[in-house]
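Q: Starting off with a structure, shown below.
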There are 2 protein chains.
Amino acid sequence: MKRKKKIEFRSECPISTALDIFGDKWSLLIIRDLMFNEKKTYSEFLESEEKIATNILADRLLLLESAEIISKQKHPESKAKVLYKLTSKGIDLIPVVVEIILWSERHHEVHPYAKQFAKMVKKDKEGMLKQLKNELSE
Amino acid sequence: MKRKKKIEFRSECPISTALDIFGDKWSLLIIRDLMFNEKKTYSEFLESEEKIATNILADRLLLLESAEIISKQKHPESKAKVLYKLTSKGIDLIPVVVEIILWSERHHEVHPYAKQFAKMVKKDKEGMLKQLKNELSE
DNA sequence: CAATTTACTTGCAAAATGCAAGTAGTTTTT
DNA sequence: AAAAACTACTTGCATTTTGCAAGTAAATTG
């Protein structure tokens, strides 16, 4: 098991600390795929439309694991596969990700399904957050 | 007026698009300083404890300006100074930044003032969001 | 048992970052 | 009014990170 060097925090500012963990172009996309797209394995993450490079994916998975946002599990079907899942700390990022989606949807051209999602969240944000959390906590 | 090359979006995913704009270690810290720390000028941003490099700061200010998250204004006191402020699109990031603070405060060691802020948000999130928005919209 | 799949690693070029120093207006000090 | 200091940058260069292509080793499939 390869251990990634511990993340150095630049300050005790909560925003800075968060950025030290997921402040890059890729980490939140992995989290998105775990959160909304039912992706769980290395090769599934590779398929996403933004086309992350294999070495970057491996690096980010290690980083997110060392930050305890994701964890590795045995895949029930095959031992060639590795199952990644969000930890409770990762699941706890739901409100952050949802607010990013809402902001982006208000200000940019986005996929129709994102517009639909935003519409549903606006109807009942609390309910939606709870539902997402439940789905991921199983 | 130096124009920064237009940001390329990797996809129409709202999260990916947001990351194309502020998915790095510094942009959200500038936004934080504008949002919570009453910083408005280049040299004030440089003073923050994370110590951004001058060239990176200049680059991020251009990027945020081209994404219409901040705008440059004349400084009322001096024409040696430049006043940066959040646009309405930038102000609209308040919920994102607040959720990041809440998440980080729950899971990491942070400044005491951040804990205090989290406590106040938990009491009345809607009120706090409105108040922050009002303060920035003047 | 050969081909394919899965989860990576490696090597190298290109891009981004970080640091120190420099510059060009503007304002303050003497 | 000249010199010093301040403000908002830019420049050059070393270091680090990213991106791409190819390779590997174990597990699985045909």
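As shown in the structure tokens, the chain order sets the letters A, B, ...; within each chain, residues go from 1, and ligands are also counted from 1 in the order they appear.
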Rotate and translate chain A onto chain B via least squares on all in-order Cα pairs, then write the result as a compact mmCIF listing (two decimals) with N, CA and C atoms, in the first residue's frame.

A:
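Contents of selection.txt, freshly written:
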# COMPACT_ATOMS: atom_id res chain seq x y z
N MET A 1 -4.82 47.88 -20.90
CA MET A 1 -5.50 46.81 -20.14
C MET A 1 -5.18 45.44 -20.73
N LYS A 2 -4.47 44.64 -19.96
CA LYS A 2 -4.04 43.34 -20.47
C LYS A 2 -5.17 42.32 -20.39
N ARG A 3 -5.49 41.73 -21.50
CA ARG A 3 -6.57 40.73 -21.56
C ARG A 3 -5.99 39.33 -21.41
N LYS A 4 -6.59 38.59 -20.51
CA LYS A 4 -6.18 37.21 -20.31
C LYS A 4 -6.90 36.33 -21.32
N LYS A 5 -6.22 35.30 -21.78
CA LYS A 5 -6.88 34.39 -22.73
C LYS A 5 -8.12 33.77 -22.10
N LYS A 6 -9.13 33.62 -22.92
CA LYS A 6 -10.41 33.10 -22.42
C LYS A 6 -10.25 31.72 -21.81
N ILE A 7 -10.97 31.48 -20.73
CA ILE A 7 -10.93 30.18 -20.07
C ILE A 7 -11.62 29.14 -20.96
N GLU A 8 -10.98 27.99 -21.12
CA GLU A 8 -11.59 26.88 -21.87
C GLU A 8 -12.32 25.97 -20.90
N PHE A 9 -13.56 25.67 -21.20
CA PHE A 9 -14.30 24.75 -20.34
C PHE A 9 -14.16 23.33 -20.86
N ARG A 10 -13.86 22.41 -19.94
CA ARG A 10 -13.64 21.02 -20.33
C ARG A 10 -14.91 20.29 -20.68
N SER A 11 -16.02 20.74 -20.11
CA SER A 11 -17.30 20.08 -20.37
C SER A 11 -18.40 21.03 -19.95
N GLU A 12 -19.63 20.62 -20.10
CA GLU A 12 -20.75 21.44 -19.64
C GLU A 12 -21.24 21.00 -18.27
N CYS A 13 -20.44 20.22 -17.58
CA CYS A 13 -20.75 19.87 -16.20
C CYS A 13 -20.54 21.11 -15.33
N PRO A 14 -21.51 21.45 -14.52
CA PRO A 14 -21.40 22.67 -13.71
C PRO A 14 -20.22 22.66 -12.75
N ILE A 15 -19.88 21.49 -12.23
CA ILE A 15 -18.75 21.41 -11.31
C ILE A 15 -17.45 21.60 -12.06
N SER A 16 -17.32 20.93 -13.17
CA SER A 16 -16.13 21.07 -13.99
C SER A 16 -15.94 22.53 -14.43
N THR A 17 -17.03 23.16 -14.82
CA THR A 17 -16.96 24.56 -15.25
C THR A 17 -16.52 25.47 -14.11
N ALA A 18 -17.06 25.23 -12.93
CA ALA A 18 -16.64 26.01 -11.76
C ALA A 18 -15.16 25.81 -11.50
N LEU A 19 -14.70 24.57 -11.59
CA LEU A 19 -13.28 24.29 -11.34
C LEU A 19 -12.39 24.91 -12.41
N ASP A 20 -12.89 25.00 -13.64
CA ASP A 20 -12.11 25.66 -14.68
C ASP A 20 -11.86 27.12 -14.31
N ILE A 21 -12.76 27.70 -13.54
CA ILE A 21 -12.61 29.10 -13.13
C ILE A 21 -11.82 29.25 -11.83
N PHE A 22 -12.24 28.54 -10.79
CA PHE A 22 -11.55 28.76 -9.51
C PHE A 22 -10.97 27.48 -8.90
N GLY A 23 -10.72 26.49 -9.72
CA GLY A 23 -10.16 25.23 -9.22
C GLY A 23 -8.65 25.28 -9.13
N ASP A 24 -8.17 26.01 -8.16
CA ASP A 24 -6.73 26.07 -7.91
C ASP A 24 -6.53 26.46 -6.45
N LYS A 25 -5.28 26.59 -6.04
CA LYS A 25 -5.02 26.81 -4.62
C LYS A 25 -5.20 28.27 -4.18
N TRP A 26 -5.37 29.19 -5.12
CA TRP A 26 -5.33 30.60 -4.75
C TRP A 26 -6.59 31.41 -4.99
N SER A 27 -7.30 31.13 -6.07
CA SER A 27 -8.43 32.00 -6.47
C SER A 27 -9.44 32.19 -5.35
N LEU A 28 -9.81 31.11 -4.68
CA LEU A 28 -10.82 31.25 -3.63
C LEU A 28 -10.29 32.00 -2.41
N LEU A 29 -8.97 32.06 -2.27
CA LEU A 29 -8.41 32.84 -1.16
C LEU A 29 -8.54 34.34 -1.43
N ILE A 30 -8.38 34.71 -2.68
CA ILE A 30 -8.62 36.11 -3.06
C ILE A 30 -10.09 36.46 -2.83
N ILE A 31 -10.95 35.55 -3.25
CA ILE A 31 -12.39 35.75 -3.06
C ILE A 31 -12.73 35.82 -1.56
N ARG A 32 -12.10 34.95 -0.79
CA ARG A 32 -12.28 35.01 0.66
C ARG A 32 -11.91 36.38 1.22
N ASP A 33 -10.76 36.91 0.78
CA ASP A 33 -10.31 38.20 1.31
C ASP A 33 -11.25 39.33 0.94
N LEU A 34 -11.79 39.24 -0.27
CA LEU A 34 -12.78 40.25 -0.68
C LEU A 34 -14.08 40.09 0.09
N MET A 35 -14.43 38.85 0.41
CA MET A 35 -15.72 38.53 1.01
C MET A 35 -15.74 38.80 2.52
N PHE A 36 -14.67 38.43 3.19
CA PHE A 36 -14.69 38.45 4.66
C PHE A 36 -13.67 39.38 5.28
N ASN A 37 -12.61 39.69 4.56
CA ASN A 37 -11.50 40.38 5.22
C ASN A 37 -11.31 41.83 4.78
N GLU A 38 -12.28 42.32 4.07
CA GLU A 38 -12.25 43.72 3.65
C GLU A 38 -10.99 44.12 2.90
N LYS A 39 -10.38 43.15 2.25
CA LYS A 39 -9.22 43.50 1.42
C LYS A 39 -9.72 43.87 0.04
N LYS A 40 -9.07 44.87 -0.53
CA LYS A 40 -9.57 45.41 -1.79
C LYS A 40 -8.45 45.72 -2.78
N THR A 41 -7.21 45.76 -2.29
CA THR A 41 -6.12 46.16 -3.20
C THR A 41 -5.08 45.05 -3.30
N TYR A 42 -4.33 45.14 -4.38
CA TYR A 42 -3.24 44.22 -4.67
C TYR A 42 -2.32 43.99 -3.46
N SER A 43 -1.90 45.06 -2.86
CA SER A 43 -0.95 44.89 -1.75
C SER A 43 -1.62 44.30 -0.52
N GLU A 44 -2.91 44.54 -0.36
CA GLU A 44 -3.61 43.90 0.75
C GLU A 44 -3.71 42.38 0.54
N PHE A 45 -3.97 41.97 -0.68
CA PHE A 45 -4.02 40.53 -0.97
C PHE A 45 -2.67 39.87 -0.69
N LEU A 46 -1.60 40.60 -1.00
CA LEU A 46 -0.25 40.06 -0.79
C LEU A 46 0.04 39.81 0.69
N GLU A 47 -0.60 40.57 1.55
CA GLU A 47 -0.33 40.46 2.99
C GLU A 47 -0.91 39.21 3.64
N SER A 48 -1.84 38.54 2.98
CA SER A 48 -2.51 37.41 3.62
C SER A 48 -1.52 36.32 4.02
N GLU A 49 -1.89 35.58 5.05
CA GLU A 49 -0.91 34.71 5.68
C GLU A 49 -0.42 33.57 4.79
N GLU A 50 -1.17 33.24 3.73
CA GLU A 50 -0.72 32.15 2.86
C GLU A 50 0.38 32.57 1.90
N LYS A 51 0.61 33.89 1.79
CA LYS A 51 1.75 34.42 1.02
C LYS A 51 1.75 34.04 -0.45
N ILE A 52 0.78 34.54 -1.16
CA ILE A 52 0.73 34.34 -2.60
C ILE A 52 1.86 35.11 -3.28
N ALA A 53 2.43 34.54 -4.33
CA ALA A 53 3.49 35.22 -5.09
C ALA A 53 2.89 36.32 -5.95
N THR A 54 3.68 37.37 -6.19
CA THR A 54 3.15 38.54 -6.89
C THR A 54 2.67 38.21 -8.30
N ASN A 55 3.42 37.38 -9.00
CA ASN A 55 3.02 37.06 -10.37
C ASN A 55 1.75 36.20 -10.41
N ILE A 56 1.63 35.30 -9.44
CA ILE A 56 0.42 34.46 -9.38
C ILE A 56 -0.78 35.33 -9.05
N LEU A 57 -0.60 36.26 -8.12
CA LEU A 57 -1.70 37.16 -7.77
C LEU A 57 -2.17 37.94 -9.00
N ALA A 58 -1.22 38.50 -9.73
CA ALA A 58 -1.59 39.27 -10.92
C ALA A 58 -2.35 38.38 -11.91
N ASP A 59 -1.86 37.16 -12.07
CA ASP A 59 -2.50 36.21 -12.99
C ASP A 59 -3.92 35.87 -12.57
N ARG A 60 -4.10 35.57 -11.29
CA ARG A 60 -5.42 35.19 -10.79
C ARG A 60 -6.41 36.35 -10.84
N LEU A 61 -5.91 37.56 -10.58
CA LEU A 61 -6.81 38.71 -10.66
C LEU A 61 -7.33 38.88 -12.08
N LEU A 62 -6.44 38.68 -13.07
CA LEU A 62 -6.88 38.76 -14.46
C LEU A 62 -7.91 37.68 -14.78
N LEU A 63 -7.62 36.45 -14.31
CA LEU A 63 -8.53 35.34 -14.58
C LEU A 63 -9.90 35.57 -13.96
N LEU A 64 -9.90 36.00 -12.70
CA LEU A 64 -11.18 36.24 -12.02
C LEU A 64 -11.92 37.40 -12.67
N GLU A 65 -11.17 38.35 -13.17
CA GLU A 65 -11.81 39.46 -13.86
C GLU A 65 -12.42 38.97 -15.17
N SER A 66 -11.68 38.13 -15.90
CA SER A 66 -12.21 37.66 -17.18
C SER A 66 -13.40 36.73 -16.98
N ALA A 67 -13.47 36.09 -15.81
CA ALA A 67 -14.64 35.25 -15.50
C ALA A 67 -15.77 36.08 -14.90
N GLU A 68 -15.55 37.37 -14.79
CA GLU A 68 -16.55 38.31 -14.25
C GLU A 68 -16.94 38.04 -12.81
N ILE A 69 -15.96 37.58 -12.04
CA ILE A 69 -16.18 37.35 -10.61
C ILE A 69 -15.72 38.57 -9.81
N ILE A 70 -14.72 39.25 -10.32
CA ILE A 70 -14.29 40.51 -9.72
C ILE A 70 -14.23 41.57 -10.80
N SER A 71 -14.20 42.83 -10.37
CA SER A 71 -13.99 43.93 -11.33
C SER A 71 -13.05 44.95 -10.71
N LYS A 72 -12.36 45.66 -11.58
CA LYS A 72 -11.44 46.72 -11.15
C LYS A 72 -12.19 48.04 -11.11
N GLN A 73 -11.92 48.81 -10.10
CA GLN A 73 -12.52 50.15 -10.00
C GLN A 73 -11.43 51.16 -9.68
N LYS A 74 -11.78 52.42 -9.86
CA LYS A 74 -10.87 53.48 -9.42
C LYS A 74 -10.89 53.53 -7.91
N HIS A 75 -9.72 53.72 -7.32
CA HIS A 75 -9.66 53.87 -5.88
C HIS A 75 -9.99 55.31 -5.54
N PRO A 76 -10.92 55.52 -4.61
CA PRO A 76 -11.34 56.90 -4.30
C PRO A 76 -10.23 57.76 -3.70
N GLU A 77 -9.27 57.16 -3.06
CA GLU A 77 -8.26 57.94 -2.34
C GLU A 77 -7.02 58.27 -3.16
N SER A 78 -6.70 57.39 -4.09
CA SER A 78 -5.41 57.52 -4.75
C SER A 78 -5.43 56.84 -6.10
N LYS A 79 -4.76 57.46 -7.06
CA LYS A 79 -4.74 56.74 -8.34
C LYS A 79 -3.52 55.86 -8.50
N ALA A 80 -2.73 55.74 -7.45
CA ALA A 80 -1.71 54.69 -7.45
C ALA A 80 -2.35 53.35 -7.10
N LYS A 81 -3.49 53.41 -6.44
CA LYS A 81 -4.15 52.18 -6.00
C LYS A 81 -5.23 51.75 -6.98
N VAL A 82 -5.49 50.44 -6.98
CA VAL A 82 -6.59 49.88 -7.76
C VAL A 82 -7.51 49.18 -6.79
N LEU A 83 -8.79 49.44 -6.94
CA LEU A 83 -9.76 48.83 -6.04
C LEU A 83 -10.42 47.65 -6.74
N TYR A 84 -10.28 46.48 -6.13
CA TYR A 84 -10.95 45.30 -6.67
C TYR A 84 -12.22 45.05 -5.87
N LYS A 85 -13.29 44.67 -6.59
CA LYS A 85 -14.47 44.26 -5.83
C LYS A 85 -15.19 43.10 -6.50
N LEU A 86 -15.96 42.38 -5.70
CA LEU A 86 -16.73 41.26 -6.22
C LEU A 86 -17.88 41.78 -7.08
N THR A 87 -18.09 41.16 -8.21
CA THR A 87 -19.28 41.42 -9.01
C THR A 87 -20.46 40.67 -8.38
N SER A 88 -21.64 40.79 -8.96
CA SER A 88 -22.77 40.03 -8.41
C SER A 88 -22.53 38.53 -8.57
N LYS A 89 -21.86 38.15 -9.65
CA LYS A 89 -21.52 36.73 -9.83
C LYS A 89 -20.56 36.26 -8.73
N GLY A 90 -19.67 37.15 -8.34
CA GLY A 90 -18.74 36.83 -7.25
C GLY A 90 -19.44 36.78 -5.91
N ILE A 91 -20.30 37.76 -5.66
CA ILE A 91 -21.07 37.79 -4.42
C ILE A 91 -21.92 36.53 -4.29
N ASP A 92 -22.38 36.07 -5.43
CA ASP A 92 -23.20 34.87 -5.49
C ASP A 92 -22.46 33.61 -5.04
N LEU A 93 -21.16 33.71 -4.89
CA LEU A 93 -20.38 32.56 -4.41
C LEU A 93 -20.44 32.41 -2.89
N ILE A 94 -21.08 33.35 -2.21
CA ILE A 94 -21.15 33.28 -0.75
C ILE A 94 -21.57 31.89 -0.24
N PRO A 95 -22.67 31.31 -0.74
CA PRO A 95 -23.07 30.00 -0.19
C PRO A 95 -22.01 28.92 -0.39
N VAL A 96 -21.32 28.96 -1.50
CA VAL A 96 -20.25 27.98 -1.75
C VAL A 96 -19.15 28.14 -0.69
N VAL A 97 -18.71 29.37 -0.53
CA VAL A 97 -17.62 29.63 0.42
C VAL A 97 -18.05 29.29 1.84
N VAL A 98 -19.26 29.65 2.19
CA VAL A 98 -19.75 29.36 3.54
C VAL A 98 -19.82 27.85 3.78
N GLU A 99 -20.29 27.09 2.81
CA GLU A 99 -20.34 25.64 3.00
C GLU A 99 -18.94 25.03 3.12
N ILE A 100 -17.99 25.60 2.40
CA ILE A 100 -16.61 25.12 2.53
C ILE A 100 -16.10 25.39 3.95
N ILE A 101 -16.40 26.57 4.45
CA ILE A 101 -15.97 26.90 5.82
C ILE A 101 -16.60 25.92 6.82
N LEU A 102 -17.89 25.68 6.66
CA LEU A 102 -18.57 24.78 7.59
C LEU A 102 -17.99 23.38 7.54
N TRP A 103 -17.75 22.90 6.34
CA TRP A 103 -17.19 21.55 6.18
C TRP A 103 -15.81 21.47 6.81
N SER A 104 -14.99 22.46 6.50
CA SER A 104 -13.62 22.44 6.98
C SER A 104 -13.58 22.55 8.51
N GLU A 105 -14.46 23.37 9.03
CA GLU A 105 -14.50 23.56 10.48
C GLU A 105 -14.92 22.27 11.18
N ARG A 106 -15.81 21.51 10.56
CA ARG A 106 -16.24 20.23 11.15
C ARG A 106 -15.13 19.20 11.17
N HIS A 107 -14.20 19.31 10.20
CA HIS A 107 -13.26 18.20 10.02
C HIS A 107 -11.80 18.54 10.27
N HIS A 108 -11.51 19.79 10.52
CA HIS A 108 -10.10 20.15 10.74
C HIS A 108 -9.96 21.13 11.89
N GLU A 109 -8.71 21.26 12.28
CA GLU A 109 -8.35 22.28 13.26
C GLU A 109 -8.30 23.63 12.55
N VAL A 110 -9.11 24.58 12.98
CA VAL A 110 -9.11 25.89 12.31
C VAL A 110 -9.03 27.02 13.33
N HIS A 111 -8.80 28.22 12.81
CA HIS A 111 -8.74 29.42 13.66
C HIS A 111 -10.00 29.54 14.52
N PRO A 112 -9.83 30.03 15.73
CA PRO A 112 -10.98 30.24 16.61
C PRO A 112 -12.07 31.10 15.97
N TYR A 113 -11.70 32.13 15.21
CA TYR A 113 -12.72 32.98 14.62
C TYR A 113 -13.56 32.19 13.61
N ALA A 114 -12.94 31.17 13.02
CA ALA A 114 -13.69 30.34 12.06
C ALA A 114 -14.72 29.48 12.80
N LYS A 115 -14.33 29.01 13.98
CA LYS A 115 -15.28 28.24 14.79
C LYS A 115 -16.46 29.11 15.19
N GLN A 116 -16.14 30.32 15.58
CA GLN A 116 -17.17 31.28 15.97
C GLN A 116 -18.11 31.57 14.80
N PHE A 117 -17.52 31.77 13.64
CA PHE A 117 -18.32 32.02 12.44
C PHE A 117 -19.25 30.84 12.16
N ALA A 118 -18.72 29.64 12.26
CA ALA A 118 -19.52 28.44 12.01
C ALA A 118 -20.69 28.36 12.99
N LYS A 119 -20.41 28.68 14.22
CA LYS A 119 -21.46 28.66 15.24
C LYS A 119 -22.59 29.62 14.88
N MET A 120 -22.20 30.80 14.44
CA MET A 120 -23.22 31.80 14.08
C MET A 120 -24.02 31.37 12.86
N VAL A 121 -23.34 30.78 11.90
CA VAL A 121 -24.05 30.33 10.69
C VAL A 121 -25.05 29.24 11.06
N LYS A 122 -24.64 28.36 11.98
CA LYS A 122 -25.54 27.26 12.35
C LYS A 122 -26.82 27.79 13.01
N LYS A 123 -26.70 28.89 13.72
CA LYS A 123 -27.88 29.47 14.37
C LYS A 123 -28.89 29.97 13.35
N ASP A 124 -28.40 30.66 12.33
CA ASP A 124 -29.32 31.24 11.34
C ASP A 124 -28.60 31.40 10.01
N LYS A 125 -28.58 30.32 9.26
CA LYS A 125 -27.83 30.34 8.00
C LYS A 125 -28.41 31.35 7.02
N GLU A 126 -29.72 31.30 6.83
CA GLU A 126 -30.34 32.20 5.86
C GLU A 126 -30.05 33.66 6.19
N GLY A 127 -30.20 33.99 7.46
CA GLY A 127 -29.94 35.35 7.89
C GLY A 127 -28.51 35.77 7.64
N MET A 128 -27.61 34.87 7.95
CA MET A 128 -26.18 35.15 7.76
C MET A 128 -25.85 35.37 6.29
N LEU A 129 -26.41 34.52 5.43
CA LEU A 129 -26.15 34.64 4.00
C LEU A 129 -26.67 35.98 3.48
N LYS A 130 -27.84 36.34 3.94
CA LYS A 130 -28.41 37.63 3.51
C LYS A 130 -27.57 38.80 3.98
N GLN A 131 -27.15 38.72 5.23
CA GLN A 131 -26.35 39.81 5.79
C GLN A 131 -25.03 39.99 5.03
N LEU A 132 -24.37 38.87 4.76
CA LEU A 132 -23.12 38.92 4.02
C LEU A 132 -23.35 39.53 2.64
N LYS A 133 -24.41 39.10 2.01
CA LYS A 133 -24.73 39.61 0.67
C LYS A 133 -24.98 41.12 0.71
N ASN A 134 -25.73 41.55 1.70
CA ASN A 134 -26.00 42.99 1.82
C ASN A 134 -24.73 43.79 2.02
N GLU A 135 -23.87 43.28 2.90
CA GLU A 135 -22.63 43.99 3.17
C GLU A 135 -21.79 44.17 1.91
N LEU A 136 -21.84 43.16 1.05
CA LEU A 136 -20.99 43.20 -0.15
C LEU A 136 -21.64 43.93 -1.31
N SER A 137 -22.94 44.12 -1.22
CA SER A 137 -23.66 44.69 -2.36
C SER A 137 -23.70 46.22 -2.36
N GLU A 138 -23.23 46.82 -1.28
CA GLU A 138 -23.29 48.29 -1.19
C GLU A 138 -22.62 48.99 -2.35

Q: Would you mind listing, as a PyMOL selection string, all residues of chain C that have at least one atom within 8 Å of chain A, where only C-alpha atoms (C1' of nucleotides) are what counts?

A: chain C and resi 6-9

Q: Taking only C-alpha atoms (C1' of nucleotides) into account and nothing else, which residues of chain D lie no more than 10 Å away from chain B? Please answer as a PyMOL selection string.

A: chain D and resi 6-11

Q: Could you go through region 6-138 of chain A and tell me which residues DSSP, when run on the backbone, assigns to strand (DSSP E), listing them as a PyMOL selection string?

A: chain A and resi 70-74+82-86

Q: Pull C-alpha atoms from the residues just selected and write them as a tab-separated table (two decimals), in the first residue's frame.

A:
chain	number	residue	atom	x	y	z
A	70	ILE	CA	-12.48	8.35	0.15
A	71	SER	CA	-11.56	4.81	1.15
A	72	LYS	CA	-10.62	1.69	-0.76
A	73	GLN	CA	-12.69	-1.44	-0.34
A	74	LYS	CA	-12.69	-4.93	-1.74
A	82	VAL	CA	-10.92	-1.92	-6.41
A	83	LEU	CA	-13.99	-0.27	-5.03
A	84	TYR	CA	-13.66	3.34	-3.98
A	85	LYS	CA	-16.24	4.98	-1.78
A	86	LEU	CA	-16.81	8.25	0.01

Q: Step one, run DSSP on the backbone; step two, keep only residues of region 41-110 of chain B assigned to alpha helix (DSSP H); then write them as an NGL selection string.

A: :B and (42-46 or 54-66 or 88-91 or 94-107)

Q: Record the distance separating C1' of DA21 (chain D) and C1' of DT17 (chain C), expressed in Å with one decimal.

A: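 Answer for the C1' of DA21 (chain D) to C1' of DT17 (chain C) separation: 24.9 Å.
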
Q: Rounded to one decimal, what separation in Å do you get between C1' of DA15 (chain C) and C1' of DA22 (chain D)?

A: 21.1 Å

Q: Mind giving me the straight-line distance from C1' of DA3 (chain C) to C1' of DA26 (chain D) in Å, one decimal?

A: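 Going from C1' of DA3 (chain C) over to C1' of DA26 (chain D), I get 14.5 Å.
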